[in-house]
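Visitor: Take a look at this one; I'll ask things after.
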Amino acid sequence: MRPSTIWYTLKQGVKNIKRNFMFSIASVITMAACIFLFGIFFSIVNNVNTLAHKVEEDVPITVLFNEGTTQEQMDAVGELIKARPEVSKIEFESADEAWEKMKKEYFGDDAEAADGFKDDNPLANSSNYRVYMNNIEKQSELVAYIKTLDNVREVNQSEQAAKTLGSINRIVSYVSVAVIVILLIISIFLISNTISVGITVRKEEIGIMKYIGATDGFVRAPFLLEGMVLGLIGAGIPLVILYFCYNSVVTYVYTKFSVLMGVVDFIPVGQIYQTLVPIALALGLGIGLVGSFITTRKHLKV
Amino acid sequence: MIDLIDVSKSYGQGLPAVNHANLHVDKGEFVFIVGSSGSGKSTLIKLLLKELDSTSGTTIVSGEKLEGMKHRRVAKYRRKLGVVFQDFRLLKDRDVYENVAFAQRVVNRPTRVIRKRVPEVLQEVGLAGKYKAYPDELSGGEQQRVALARAIVNRPDILLADEPTGNLDPKTSEEIMKLLEEINERGTTVLVVTHNKEIVNSMKKRVLTMHNGVIISDEKEGEYYEA
């Protein structure tokens with residue numbers, strides 16, 4: 001393509017947008033709404049995921065052993081658990097350590113009360129492994145596996161936490177995929193509508209171009225460009241708005257629900273935007289391109 | 001340059017718009033195609049432009065067979081043709097210069113060539129002084145001159161003119177025909193569809209008469225017959 005042709009295409013593309021300004025505005029707004037919602041869901045899913053990961057790390061499974069299990073046997077079980085892919089780390093706590101910890105937690109400064117037990121460790125059989133997972137949804141599977149191992153007496157798990165977080169995560173993902181797909185279709189439809197209005201307005205010109213010997217590509221290029229420009233603008237606007245909204249929402253949540261401070265950590269907006277910006281721009285560009293491509297294919301057969 | 005071998009075109013039921021047409025036009029010829037409304041003249045032009053596909057027969061133009069031509073080849077093929085219409089079909093939002101330059105941009109000519117060629121061709125059609133005017137500011141004759149300039153700017157092998165004087169007064173019509181003759185003299189094959197009896201009779205060119213889709217006469221230095 002010659003520079004003059006590229007320049008011509010650019011000029012015509014921009015001219016098209018100006019010529020059906022209202023339609024262009026309408027499709028930009030829809031696209032912006034679509035990508036705005038996408039951004040919101042993207043942020044929510046990411047935050048829930050991070051929260052879930054944090055809980056996964058914080059809520060371990062506890063593995064207790066039968067009476068008389070030797071340290072070697074316990075070590076062997078530990079090795080087997082560690083080999084599982086869903087396990088991120090395991091910690092061993094001997095009966096003595098468990099007792100020491102309990103003494104501190106329950107009796108605190110009241111050392112005398114604890115002394116009543118003397119050397120008689122009431123948690124004699126409490127040597128245990130704490131197992132931390134990297135995927136909480138696999139918890140039941142892992143528990144079932146550990147129960148089959150020799151010398152294991154009991155496995156304590158936080159099943160409720162696992163189930164709730166897992167299902168919240170899934171619901172949010174499903175809902176966001178559904179909403180995004182619907183909005184994508186609407187956006188493509190609107191872009192296509194805008195382009196077909198542009199084609200109708202320029203029908204005569206296109207006819208002349210065809211008689212002169214313009215290739216399909218030459219006729220289509222300005223319309224494709226128009227679609228992509230609309231798409232990019234439609235993606236840029238919500239990204240800017242969302243940037244400021246995100247920070248306000250985080251501040252609002254922390255001030256209104258100060259209990260959450262330190263418990264719930266929001267991902268910083270900069271980190272979210274590292275992935276969101278390229279995805280949103282690609283989405284805008286893609287919707288614009290697909291919408292205009294479908295339309296020009298349909299209308300520009302002369 | 002143009003060969004039609006037993007070409008027919010029908011639109012659904014009824015008589016074909018072009019019925020078993022046979023025609024041979026040499027390079028550099030000037031041919032009038034005459035006939036009443038609905039005689040198939042415009043369909044013939046549309047077949048040559050590859051705007052329509054023939055129903056049967058073979059059409060060969062400038063060495064290319066039109067039947068079975070791939071869609072992507074059509075644009076390249078049309079660059080060998082120049083075309084003017086009764087209603088001029090100029091772009092109203094662009095001045096004379098841009099209307100002509102447009103034809104060159106469409107076929108990817110570099111700006112440097114466009115800047116040289118457009119004034120040249122405007123000079124040829126006698127519009128050198130009006131390159132900044134918009135179509136609405138021009139008379140019918142002048143608009144048709146712009147359309148002619150646009151049709152020949154890419155130096156086509158063949159110029160197809162569909163009722164080029166249909167909207168013009170007799171004096172202007174004569175001027176346009178004179179221009180077509182000049183273009184023909186420079187080597188371009190010219191086909192003119194017309195109703196204008198006086199002009200056809202005065203110019204003493206080859207005349208093809210069509211009636212109900214059939215070419216009923218084909219005469220060198222012919223006259224306009226009412227079918």
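As shown in the structure tokens, the chain order sets the letters A, B, ...; within each chain, residues go from 1, and ligands are also counted from 1 in the order they appear.
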Would you give me, as a list in words, the residues of chain B that come within 9 Å of chain A, using only C-alpha atoms?
Guide: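 Interface list for chain B against chain A: Leu49, Glu51, Arg72, Arg73, Val74, Ala75, Lys76, Tyr77, Arg78, Arg79, Lys80, Leu81, Gly82, Val83, Arg89, Leu90, Leu91, Phe102, Ala103, Gln104, Arg105, Val106, Val107, Asn108, Arg109, Pro110, Thr111, Arg150 and Ala151 of chain B.
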Visitor: Take the residues just selected and output them with N, CA, C and O atoms as an mmCIF file, in the first residue's frame.
Guide:
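Output (out14.cif):
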data_model
loop_
_atom_site.group_PDB
_atom_site.id
_atom_site.type_symbol
_atom_site.label_atom_id
_atom_site.label_comp_id
_atom_site.auth_asym_id
_atom_site.auth_seq_id
_atom_site.Cartn_x
_atom_site.Cartn_y
_atom_site.Cartn_z
ATOM 1 N N LEU B 49 -19.369 -4.151 -18.404
ATOM 2 C CA LEU B 49 -18.796 -3.646 -17.148
ATOM 3 C C LEU B 49 -18.639 -4.743 -16.099
ATOM 4 O O LEU B 49 -18.104 -4.514 -15.026
ATOM 5 N N GLU B 51 -21.002 -5.843 -14.472
ATOM 6 C CA GLU B 51 -21.928 -5.551 -13.386
ATOM 7 C C GLU B 51 -22.982 -6.654 -13.373
ATOM 8 O O GLU B 51 -23.571 -6.961 -12.350
ATOM 9 N N ARG B 72 -12.330 -11.271 -7.432
ATOM 10 C CA ARG B 72 -11.188 -10.400 -7.119
ATOM 11 C C ARG B 72 -10.509 -9.863 -8.375
ATOM 12 O O ARG B 72 -9.792 -8.877 -8.327
ATOM 13 N N ARG B 73 -10.752 -10.518 -9.511
ATOM 14 C CA ARG B 73 -10.146 -10.078 -10.763
ATOM 15 C C ARG B 73 -10.937 -8.902 -11.371
ATOM 16 O O ARG B 73 -10.389 -8.113 -12.162
ATOM 17 N N VAL B 74 -12.225 -8.810 -10.989
ATOM 18 C CA VAL B 74 -13.123 -7.829 -11.615
ATOM 19 C C VAL B 74 -12.598 -6.395 -11.484
ATOM 20 O O VAL B 74 -12.588 -5.627 -12.448
ATOM 21 N N ALA B 75 -12.116 -6.033 -10.283
ATOM 22 C CA ALA B 75 -11.617 -4.672 -10.066
ATOM 23 C C ALA B 75 -10.489 -4.354 -11.044
ATOM 24 O O ALA B 75 -10.481 -3.299 -11.687
ATOM 25 N N LYS B 76 -9.563 -5.301 -11.185
ATOM 26 C CA LYS B 76 -8.426 -5.086 -12.094
ATOM 27 C C LYS B 76 -8.919 -4.948 -13.538
ATOM 28 O O LYS B 76 -8.423 -4.133 -14.308
ATOM 29 N N TYR B 77 -9.898 -5.778 -13.886
ATOM 30 C CA TYR B 77 -10.461 -5.731 -15.236
ATOM 31 C C TYR B 77 -11.095 -4.367 -15.511
ATOM 32 O O TYR B 77 -10.890 -3.776 -16.576
ATOM 33 N N ARG B 78 -11.832 -3.853 -14.537
ATOM 34 C CA ARG B 78 -12.544 -2.582 -14.758
ATOM 35 C C ARG B 78 -11.589 -1.410 -14.963
ATOM 36 O O ARG B 78 -11.973 -0.375 -15.487
ATOM 37 N N ARG B 79 -10.353 -1.576 -14.544
ATOM 38 C CA ARG B 79 -9.384 -0.500 -14.749
ATOM 39 C C ARG B 79 -9.052 -0.306 -16.227
ATOM 40 O O ARG B 79 -8.471 0.691 -16.614
ATOM 41 N N LYS B 80 -9.408 -1.314 -17.036
ATOM 42 C CA LYS B 80 -9.177 -1.184 -18.477
ATOM 43 C C LYS B 80 -10.306 -0.411 -19.144
ATOM 44 O O LYS B 80 -10.250 -0.132 -20.331
ATOM 45 N N LEU B 81 -11.376 -0.143 -18.374
ATOM 46 C CA LEU B 81 -12.537 0.543 -18.926
ATOM 47 C C LEU B 81 -12.690 1.918 -18.293
ATOM 48 O O LEU B 81 -12.344 2.120 -17.137
ATOM 49 N N GLY B 82 -13.229 2.860 -19.110
ATOM 50 C CA GLY B 82 -13.677 4.127 -18.537
ATOM 51 C C GLY B 82 -15.167 4.170 -18.756
ATOM 52 O O GLY B 82 -15.663 3.593 -19.728
ATOM 53 N N VAL B 83 -15.899 4.785 -17.839
ATOM 54 C CA VAL B 83 -17.345 4.771 -18.019
ATOM 55 C C VAL B 83 -17.958 6.126 -17.644
ATOM 56 O O VAL B 83 -17.538 6.760 -16.670
ATOM 57 N N ARG B 89 -22.823 11.236 -12.208
ATOM 58 C CA ARG B 89 -22.315 10.522 -11.013
ATOM 59 C C ARG B 89 -21.011 11.090 -10.475
ATOM 60 O O ARG B 89 -20.021 10.369 -10.301
ATOM 61 N N LEU B 90 -21.015 12.371 -10.204
ATOM 62 C CA LEU B 90 -19.846 12.998 -9.581
ATOM 63 C C LEU B 90 -20.032 13.004 -8.067
ATOM 64 O O LEU B 90 -21.162 12.914 -7.585
ATOM 65 N N LEU B 91 -18.939 13.137 -7.350
ATOM 66 C CA LEU B 91 -19.031 13.235 -5.888
ATOM 67 C C LEU B 91 -19.243 14.708 -5.528
ATOM 68 O O LEU B 91 -18.369 15.541 -5.750
ATOM 69 N N PHE B 102 -9.626 11.322 -7.653
ATOM 70 C CA PHE B 102 -10.221 10.169 -6.982
ATOM 71 C C PHE B 102 -10.024 8.874 -7.795
ATOM 72 O O PHE B 102 -9.648 7.832 -7.247
ATOM 73 N N ALA B 103 -10.249 8.988 -9.105
ATOM 74 C CA ALA B 103 -10.113 7.806 -9.971
ATOM 75 C C ALA B 103 -8.682 7.280 -9.950
ATOM 76 O O ALA B 103 -8.446 6.088 -10.113
ATOM 77 N N GLN B 104 -7.737 8.178 -9.751
ATOM 78 C CA GLN B 104 -6.334 7.746 -9.706
ATOM 79 C C GLN B 104 -5.972 7.186 -8.334
ATOM 80 O O GLN B 104 -5.205 6.240 -8.231
ATOM 81 N N ARG B 105 -6.541 7.786 -7.304
ATOM 82 C CA ARG B 105 -6.280 7.275 -5.945
ATOM 83 C C ARG B 105 -6.795 5.850 -5.812
ATOM 84 O O ARG B 105 -6.152 4.990 -5.211
ATOM 85 N N VAL B 106 -7.998 5.639 -6.384
ATOM 86 C CA VAL B 106 -8.626 4.320 -6.293
ATOM 87 C C VAL B 106 -7.718 3.234 -6.871
ATOM 88 O O VAL B 106 -7.688 2.122 -6.369
ATOM 89 N N VAL B 107 -6.967 3.577 -7.914
ATOM 90 C CA VAL B 107 -6.098 2.561 -8.505
ATOM 91 C C VAL B 107 -4.652 2.720 -8.030
ATOM 92 O O VAL B 107 -3.718 2.243 -8.685
ATOM 93 N N ASN B 108 -4.500 3.413 -6.864
ATOM 94 C CA ASN B 108 -3.194 3.424 -6.202
ATOM 95 C C ASN B 108 -2.089 4.183 -6.923
ATOM 96 O O ASN B 108 -0.913 3.822 -6.806
ATOM 97 N N ARG B 109 -2.436 5.227 -7.685
ATOM 98 C CA ARG B 109 -1.388 6.018 -8.329
ATOM 99 C C ARG B 109 -0.703 6.890 -7.278
ATOM 100 O O ARG B 109 -1.367 7.434 -6.396
ATOM 101 N N PRO B 110 0.610 7.059 -7.395
ATOM 102 C CA PRO B 110 1.294 7.924 -6.424
ATOM 103 C C PRO B 110 0.890 9.392 -6.627
ATOM 104 O O PRO B 110 0.570 9.802 -7.741
ATOM 105 N N THR B 111 0.926 10.157 -5.534
ATOM 106 C CA THR B 111 0.492 11.560 -5.549
ATOM 107 C C THR B 111 1.202 12.363 -6.643
ATOM 108 O O THR B 111 0.599 13.196 -7.312
ATOM 109 N N ARG B 150 -12.653 12.064 -15.608
ATOM 110 C CA ARG B 150 -12.465 10.982 -14.639
ATOM 111 C C ARG B 150 -12.385 9.626 -15.357
ATOM 112 O O ARG B 150 -11.616 8.749 -14.955
ATOM 113 N N ALA B 151 -13.195 9.465 -16.420
ATOM 114 C CA ALA B 151 -13.223 8.178 -17.121
ATOM 115 C C ALA B 151 -11.919 7.904 -17.869
ATOM 116 O O ALA B 151 -11.513 6.759 -18.008
#
Visitor: Where in stretch 18-63 of chain B does DSSP assign strand (DSSP E), given as a list in words?
Guide: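 Of stretch 18-63 of chain B, the ones in strand (DSSP E) are Val18, Asn19, His20, Ala21, Asn22, Leu23, His24, Val25, Phe30, Val31, Phe32, Ile33, Val34, Ser56, Gly57, Thr58, Thr59, Ile60 and Val61 of chain B.
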Visitor: Per DSSP on the backbone, what are the alpha helix (DSSP H) residues of stretch 13-133 of chain B, as a PDB file with C-alpha atoms, in the first residue's frame?
Guide:
ATOM      1  CA  LYS B  41     -28.616  -1.384 -24.756  1.00  0.00           C
ATOM      2  CA  SER B  42     -28.002  -0.720 -21.094  1.00  0.00           C
ATOM      3  CA  THR B  43     -27.914  -4.419 -20.285  1.00  0.00           C
ATOM      4  CA  LEU B  44     -25.221  -4.810 -22.921  1.00  0.00           C
ATOM      5  CA  ILE B  45     -23.144  -2.061 -21.259  1.00  0.00           C
ATOM      6  CA  LYS B  46     -23.679  -3.679 -17.846  1.00  0.00           C
ATOM      7  CA  LEU B  47     -22.474  -7.002 -19.224  1.00  0.00           C
ATOM      8  CA  LEU B  48     -19.320  -5.329 -20.531  1.00  0.00           C
ATOM      9  CA  HIS B  71     -14.622 -11.660  -8.170  1.00  0.00           C
ATOM     10  CA  ARG B  72     -11.188 -10.400  -7.119  1.00  0.00           C
ATOM     11  CA  ARG B  73     -10.146 -10.078 -10.763  1.00  0.00           C
ATOM     12  CA  VAL B  74     -13.123  -7.829 -11.615  1.00  0.00           C
ATOM     13  CA  ALA B  75     -11.617  -4.672 -10.066  1.00  0.00           C
ATOM     14  CA  LYS B  76      -8.426  -5.086 -12.094  1.00  0.00           C
ATOM     15  CA  TYR B  77     -10.461  -5.731 -15.236  1.00  0.00           C
ATOM     16  CA  ARG B  78     -12.544  -2.582 -14.758  1.00  0.00           C
ATOM     17  CA  VAL B  96     -13.430  19.039  -9.874  1.00  0.00           C
ATOM     18  CA  TYR B  97      -9.787  18.268  -9.207  1.00  0.00           C
ATOM     19  CA  GLU B  98     -10.620  15.794  -6.418  1.00  0.00           C
ATOM     20  CA  ASN B  99     -13.309  14.094  -8.501  1.00  0.00           C
ATOM     21  CA  VAL B 100     -10.775  13.331 -11.187  1.00  0.00           C
ATOM     22  CA  ALA B 101      -7.924  12.597  -8.794  1.00  0.00           C
ATOM     23  CA  PHE B 102     -10.221  10.169  -6.982  1.00  0.00           C
ATOM     24  CA  ALA B 103     -10.113   7.806  -9.971  1.00  0.00           C
ATOM     25  CA  GLN B 104      -6.334   7.746  -9.706  1.00  0.00           C
ATOM     26  CA  ARG B 105      -6.280   7.275  -5.945  1.00  0.00           C
ATOM     27  CA  VAL B 106      -8.626   4.320  -6.293  1.00  0.00           C
ATOM     28  CA  THR B 111       0.492  11.560  -5.549  1.00  0.00           C
ATOM     29  CA  ARG B 112       3.286  12.806  -7.797  1.00  0.00           C
ATOM     30  CA  VAL B 113       1.619  11.173 -10.836  1.00  0.00           C
ATOM     31  CA  ILE B 114      -1.825  12.451  -9.830  1.00  0.00           C
ATOM     32  CA  ARG B 115      -0.563  16.043  -9.588  1.00  0.00           C
ATOM     33  CA  LYS B 116       0.769  15.860 -13.116  1.00  0.00           C
ATOM     34  CA  ARG B 117      -1.969  13.837 -14.792  1.00  0.00           C
ATOM     35  CA  VAL B 118      -5.132  15.530 -13.437  1.00  0.00           C
ATOM     36  CA  PRO B 119      -4.408  19.049 -14.820  1.00  0.00           C
ATOM     37  CA  GLU B 120      -3.399  17.428 -18.100  1.00  0.00           C
ATOM     38  CA  VAL B 121      -6.688  15.625 -18.493  1.00  0.00           C
ATOM     39  CA  LEU B 122      -8.731  18.635 -17.332  1.00  0.00           C
ATOM     40  CA  GLN B 123      -6.998  20.591 -20.077  1.00  0.00           C
ATOM     41  CA  GLU B 124      -8.033  17.922 -22.592  1.00  0.00           C
TER      42      GLU B 124
END
Visitor: Residues within 8 Å of A:Leu225, please, as an MDAnalysis selection string. Count only C-alpha atoms; anything in the same chain fewer than 3 positions from it doesn't count.
Guide: chainID A and resid 9:10 13 221:222 228:229 289
Visitor: Keeping only all heavy atoms, take the residues you just selected and write them out as a PDB file, in the first residue's frame.
Guide:
ATOM      1  N   THR A   9      -7.113   6.392   3.260  1.00  0.00           N
ATOM      2  CA  THR A   9      -7.932   5.530   4.114  1.00  0.00           C
ATOM      3  C   THR A   9      -8.172   6.187   5.466  1.00  0.00           C
ATOM      4  O   THR A   9      -9.294   6.207   5.977  1.00  0.00           O
ATOM      5  CB  THR A   9      -7.214   4.176   4.311  1.00  0.00           C
ATOM      6  OG1 THR A   9      -6.950   3.633   3.027  1.00  0.00           O
ATOM      7  CG2 THR A   9      -8.067   3.217   5.101  1.00  0.00           C
ATOM      8  N   LEU A  10      -7.106   6.744   6.050  1.00  0.00           N
ATOM      9  CA  LEU A  10      -7.228   7.404   7.358  1.00  0.00           C
ATOM     10  C   LEU A  10      -8.228   8.539   7.282  1.00  0.00           C
ATOM     11  O   LEU A  10      -9.126   8.668   8.117  1.00  0.00           O
ATOM     12  CB  LEU A  10      -5.870   7.957   7.798  1.00  0.00           C
ATOM     13  CG  LEU A  10      -4.882   6.945   8.372  1.00  0.00           C
ATOM     14  CD1 LEU A  10      -3.526   7.589   8.589  1.00  0.00           C
ATOM     15  CD2 LEU A  10      -5.421   6.407   9.700  1.00  0.00           C
ATOM     16  N   GLY A  13     -11.773   7.298   6.869  1.00  0.00           N
ATOM     17  CA  GLY A  13     -12.261   6.671   8.104  1.00  0.00           C
ATOM     18  C   GLY A  13     -12.741   7.713   9.089  1.00  0.00           C
ATOM     19  O   GLY A  13     -13.841   7.628   9.647  1.00  0.00           O
ATOM     20  N   ALA A 221     -11.420  -0.706   3.524  1.00  0.00           N
ATOM     21  CA  ALA A 221     -10.455  -0.243   4.536  1.00  0.00           C
ATOM     22  C   ALA A 221     -10.951   0.933   5.395  1.00  0.00           C
ATOM     23  O   ALA A 221     -10.841   0.869   6.621  1.00  0.00           O
ATOM     24  CB  ALA A 221      -9.131   0.094   3.871  1.00  0.00           C
ATOM     25  N   PRO A 222     -11.522   2.001   4.800  1.00  0.00           N
ATOM     26  CA  PRO A 222     -11.964   3.104   5.654  1.00  0.00           C
ATOM     27  C   PRO A 222     -13.036   2.675   6.669  1.00  0.00           C
ATOM     28  O   PRO A 222     -13.055   3.163   7.796  1.00  0.00           O
ATOM     29  CB  PRO A 222     -12.562   4.122   4.677  1.00  0.00           C
ATOM     30  CG  PRO A 222     -11.964   3.810   3.364  1.00  0.00           C
ATOM     31  CD  PRO A 222     -11.728   2.330   3.376  1.00  0.00           C
ATOM     32  N   MET A 228     -12.552   0.179  14.005  1.00  0.00           N
ATOM     33  CA  MET A 228     -11.483   0.016  14.996  1.00  0.00           C
ATOM     34  C   MET A 228     -11.315   1.278  15.849  1.00  0.00           C
ATOM     35  O   MET A 228     -11.103   1.190  17.054  1.00  0.00           O
ATOM     36  CB  MET A 228     -10.171  -0.321  14.283  1.00  0.00           C
ATOM     37  CG  MET A 228     -10.175  -1.727  13.736  1.00  0.00           C
ATOM     38  SD  MET A 228      -8.548  -2.269  13.205  1.00  0.00           S
ATOM     39  CE  MET A 228      -8.313  -1.343  11.727  1.00  0.00           C
ATOM     40  N   VAL A 229     -11.432   2.445  15.202  1.00  0.00           N
ATOM     41  CA  VAL A 229     -11.309   3.699  15.964  1.00  0.00           C
ATOM     42  C   VAL A 229     -12.438   3.784  16.992  1.00  0.00           C
ATOM     43  O   VAL A 229     -12.210   4.079  18.175  1.00  0.00           O
ATOM     44  CB  VAL A 229     -11.331   4.931  15.018  1.00  0.00           C
ATOM     45  CG1 VAL A 229     -11.468   6.215  15.815  1.00  0.00           C
ATOM     46  CG2 VAL A 229     -10.067   4.966  14.183  1.00  0.00           C
ATOM     47  N   LEU A 289     -13.467  -4.301  14.778  1.00  0.00           N
ATOM     48  CA  LEU A 289     -13.032  -4.955  13.549  1.00  0.00           C
ATOM     49  C   LEU A 289     -14.054  -5.991  13.094  1.00  0.00           C
ATOM     50  O   LEU A 289     -14.463  -6.015  11.933  1.00  0.00           O
ATOM     51  CB  LEU A 289     -11.667  -5.616  13.771  1.00  0.00           C
ATOM     52  CG  LEU A 289     -10.895  -5.979  12.532  1.00  0.00           C
ATOM     53  CD1 LEU A 289     -10.602  -4.740  11.707  1.00  0.00           C
ATOM     54  CD2 LEU A 289      -9.602  -6.672  12.894  1.00  0.00           C
TER      55      LEU A 289
END
Visitor: Could you give me, as an MDAnalysis selection string, the residues within 8 Å of stretch 209-215 of chain B, counting only C-alpha atoms and dropping anything in the same chain fewer than 6 positions from it?
Guide: chainID B and resid 15:22 33:36 38:41 224:225 227
Visitor: Interatomic distance between atom CA of A:Thr194 and atom CA of A:Trp7?
Guide: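 Computing the Euclidean distance for atom CA of A:Thr194 and atom CA of A:Trp7 yields 22.4 Å.
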Visitor: Closest to A:Leu283 among A:Pro238, A:Gly231, A:Gly166, A:Gly270, using only C-alpha atoms?
Guide: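 Of the candidates, the smallest distance to A:Leu283 is held by A:Gly231.
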Visitor: Tell me, as a PyMOL selection string, which residues lie within 7 Å of B:Leu160, counting only C-alpha atoms; anything in the same chain fewer than 2 positions away does not count.
Guide: chain B and resi 82-84+158+162+190-192
Visitor: Export N, CA and C atoms of the chosen residues as an mmCIF file, in the first residue's frame?
Guide:
data_model
loop_
_atom_site.group_PDB
_atom_site.id
_atom_site.type_symbol
_atom_site.label_atom_id
_atom_site.label_comp_id
_atom_site.auth_asym_id
_atom_site.auth_seq_id
_atom_site.Cartn_x
_atom_site.Cartn_y
_atom_site.Cartn_z
ATOM 1 N N GLY B 82 -13.229 2.860 -19.110
ATOM 2 C CA GLY B 82 -13.677 4.127 -18.537
ATOM 3 C C GLY B 82 -15.167 4.170 -18.756
ATOM 4 N N VAL B 83 -15.899 4.785 -17.839
ATOM 5 C CA VAL B 83 -17.345 4.771 -18.019
ATOM 6 C C VAL B 83 -17.958 6.126 -17.644
ATOM 7 N N VAL B 84 -18.907 6.584 -18.484
ATOM 8 C CA VAL B 84 -19.675 7.799 -18.143
ATOM 9 C C VAL B 84 -21.164 7.495 -18.259
ATOM 10 N N ILE B 158 -10.923 1.034 -23.274
ATOM 11 C CA ILE B 158 -12.278 1.188 -23.812
ATOM 12 C C ILE B 158 -13.034 2.229 -22.994
ATOM 13 N N ASP B 162 -22.915 5.638 -21.412
ATOM 14 C CA ASP B 162 -24.325 5.252 -21.392
ATOM 15 C C ASP B 162 -25.184 6.516 -21.397
ATOM 16 N N VAL B 190 -14.311 3.461 -28.328
ATOM 17 C CA VAL B 190 -15.433 4.150 -27.668
ATOM 18 C C VAL B 190 -16.759 3.505 -28.068
ATOM 19 N N LEU B 191 -17.558 3.175 -27.049
ATOM 20 C CA LEU B 191 -18.912 2.662 -27.281
ATOM 21 C C LEU B 191 -19.896 3.647 -26.663
ATOM 22 N N VAL B 192 -20.829 4.165 -27.492
ATOM 23 C CA VAL B 192 -21.768 5.156 -26.969
ATOM 24 C C VAL B 192 -23.202 4.672 -27.143
#
Visitor: Find the residues around A:Asn47 up to 9 Å (only C-alpha atoms counted), leave out those fewer than 5 positions away in its own chain, and share them as a ChimeraX atom specification.
Guide: /A:42,52,265-267
Visitor: Any chance you could export the current selection's all heavy atoms as an mmCIF file, in the first residue's frame?
Guide:
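Result file follows (part_4.cif):
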data_model
loop_
_atom_site.group_PDB
_atom_site.id
_atom_site.type_symbol
_atom_site.label_atom_id
_atom_site.label_comp_id
_atom_site.auth_asym_id
_atom_site.auth_seq_id
_atom_site.Cartn_x
_atom_site.Cartn_y
_atom_site.Cartn_z
ATOM 1 N N PHE A 42 -14.037 -7.943 35.854
ATOM 2 C CA PHE A 42 -12.631 -8.334 35.856
ATOM 3 C C PHE A 42 -12.001 -8.023 37.213
ATOM 4 O O PHE A 42 -11.318 -8.854 37.810
ATOM 5 C CB PHE A 42 -11.899 -7.589 34.734
ATOM 6 C CG PHE A 42 -10.465 -7.995 34.566
ATOM 7 C CD1 PHE A 42 -10.122 -9.078 33.785
ATOM 8 C CD2 PHE A 42 -9.455 -7.277 35.196
ATOM 9 C CE1 PHE A 42 -8.802 -9.448 33.620
ATOM 10 C CE2 PHE A 42 -8.131 -7.640 35.046
ATOM 11 C CZ PHE A 42 -7.806 -8.739 34.259
ATOM 12 N N ALA A 52 -9.493 -15.588 47.833
ATOM 13 C CA ALA A 52 -9.603 -17.044 47.954
ATOM 14 C C ALA A 52 -8.230 -17.664 48.167
ATOM 15 O O ALA A 52 -8.055 -18.545 49.006
ATOM 16 C CB ALA A 52 -10.258 -17.617 46.701
ATOM 17 N N ASP A 265 -7.647 -7.625 51.515
ATOM 18 C CA ASP A 265 -6.689 -6.765 50.806
ATOM 19 C C ASP A 265 -7.110 -6.621 49.356
ATOM 20 O O ASP A 265 -7.206 -7.615 48.647
ATOM 21 C CB ASP A 265 -5.287 -7.405 50.838
ATOM 22 C CG ASP A 265 -4.589 -7.112 52.148
ATOM 23 O OD1 ASP A 265 -4.876 -6.044 52.722
ATOM 24 O OD2 ASP A 265 -3.793 -7.962 52.592
ATOM 25 N N PHE A 266 -7.400 -5.385 48.934
ATOM 26 C CA PHE A 266 -7.724 -5.181 47.516
ATOM 27 C C PHE A 266 -6.439 -5.143 46.710
ATOM 28 O O PHE A 266 -5.418 -4.639 47.185
ATOM 29 C CB PHE A 266 -8.493 -3.880 47.321
ATOM 30 C CG PHE A 266 -9.914 -3.975 47.798
ATOM 31 C CD1 PHE A 266 -10.278 -3.475 49.044
ATOM 32 C CD2 PHE A 266 -10.884 -4.577 47.011
ATOM 33 C CE1 PHE A 266 -11.578 -3.574 49.485
ATOM 34 C CE2 PHE A 266 -12.182 -4.682 47.452
ATOM 35 C CZ PHE A 266 -12.540 -4.174 48.699
ATOM 36 N N ILE A 267 -6.525 -5.648 45.484
ATOM 37 C CA ILE A 267 -5.357 -5.575 44.598
ATOM 38 C C ILE A 267 -5.203 -4.108 44.187
ATOM 39 O O ILE A 267 -6.187 -3.466 43.853
ATOM 40 C CB ILE A 267 -5.571 -6.421 43.331
ATOM 41 C CG1 ILE A 267 -6.015 -7.840 43.705
ATOM 42 C CG2 ILE A 267 -4.328 -6.442 42.470
ATOM 43 C CD1 ILE A 267 -6.476 -8.655 42.520
#
Visitor: List the neighbours of stretch 167-183 of chain A out to 7 Å using only C-alpha atoms; skip same-chain residues closer than 2 positions along the sequence, and give me the result as a list in words.
Guide: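 So the residues in contact are Cys34, Phe38, Phe41, Val45, Val48, Asn49, Lys163, Thr164, Leu165, Ile185, Ile186 and Ser187 of chain A.
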Visitor: Restricting the calculation to only C-alpha atoms, which member of B:Asp6, B:Asp87, B:Asp218, B:Glu29 is positioned closest to B:Asn167?
Guide: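 Nearest to B:Asn167: B:Asp87.
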Visitor: So what do you get for atom CA of A:Gln12 versus atom CA of A:Arg220, distance-wise?
Guide: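 Atom CA of A:Arg220 lies 10.6 Å from atom CA of A:Gln12.
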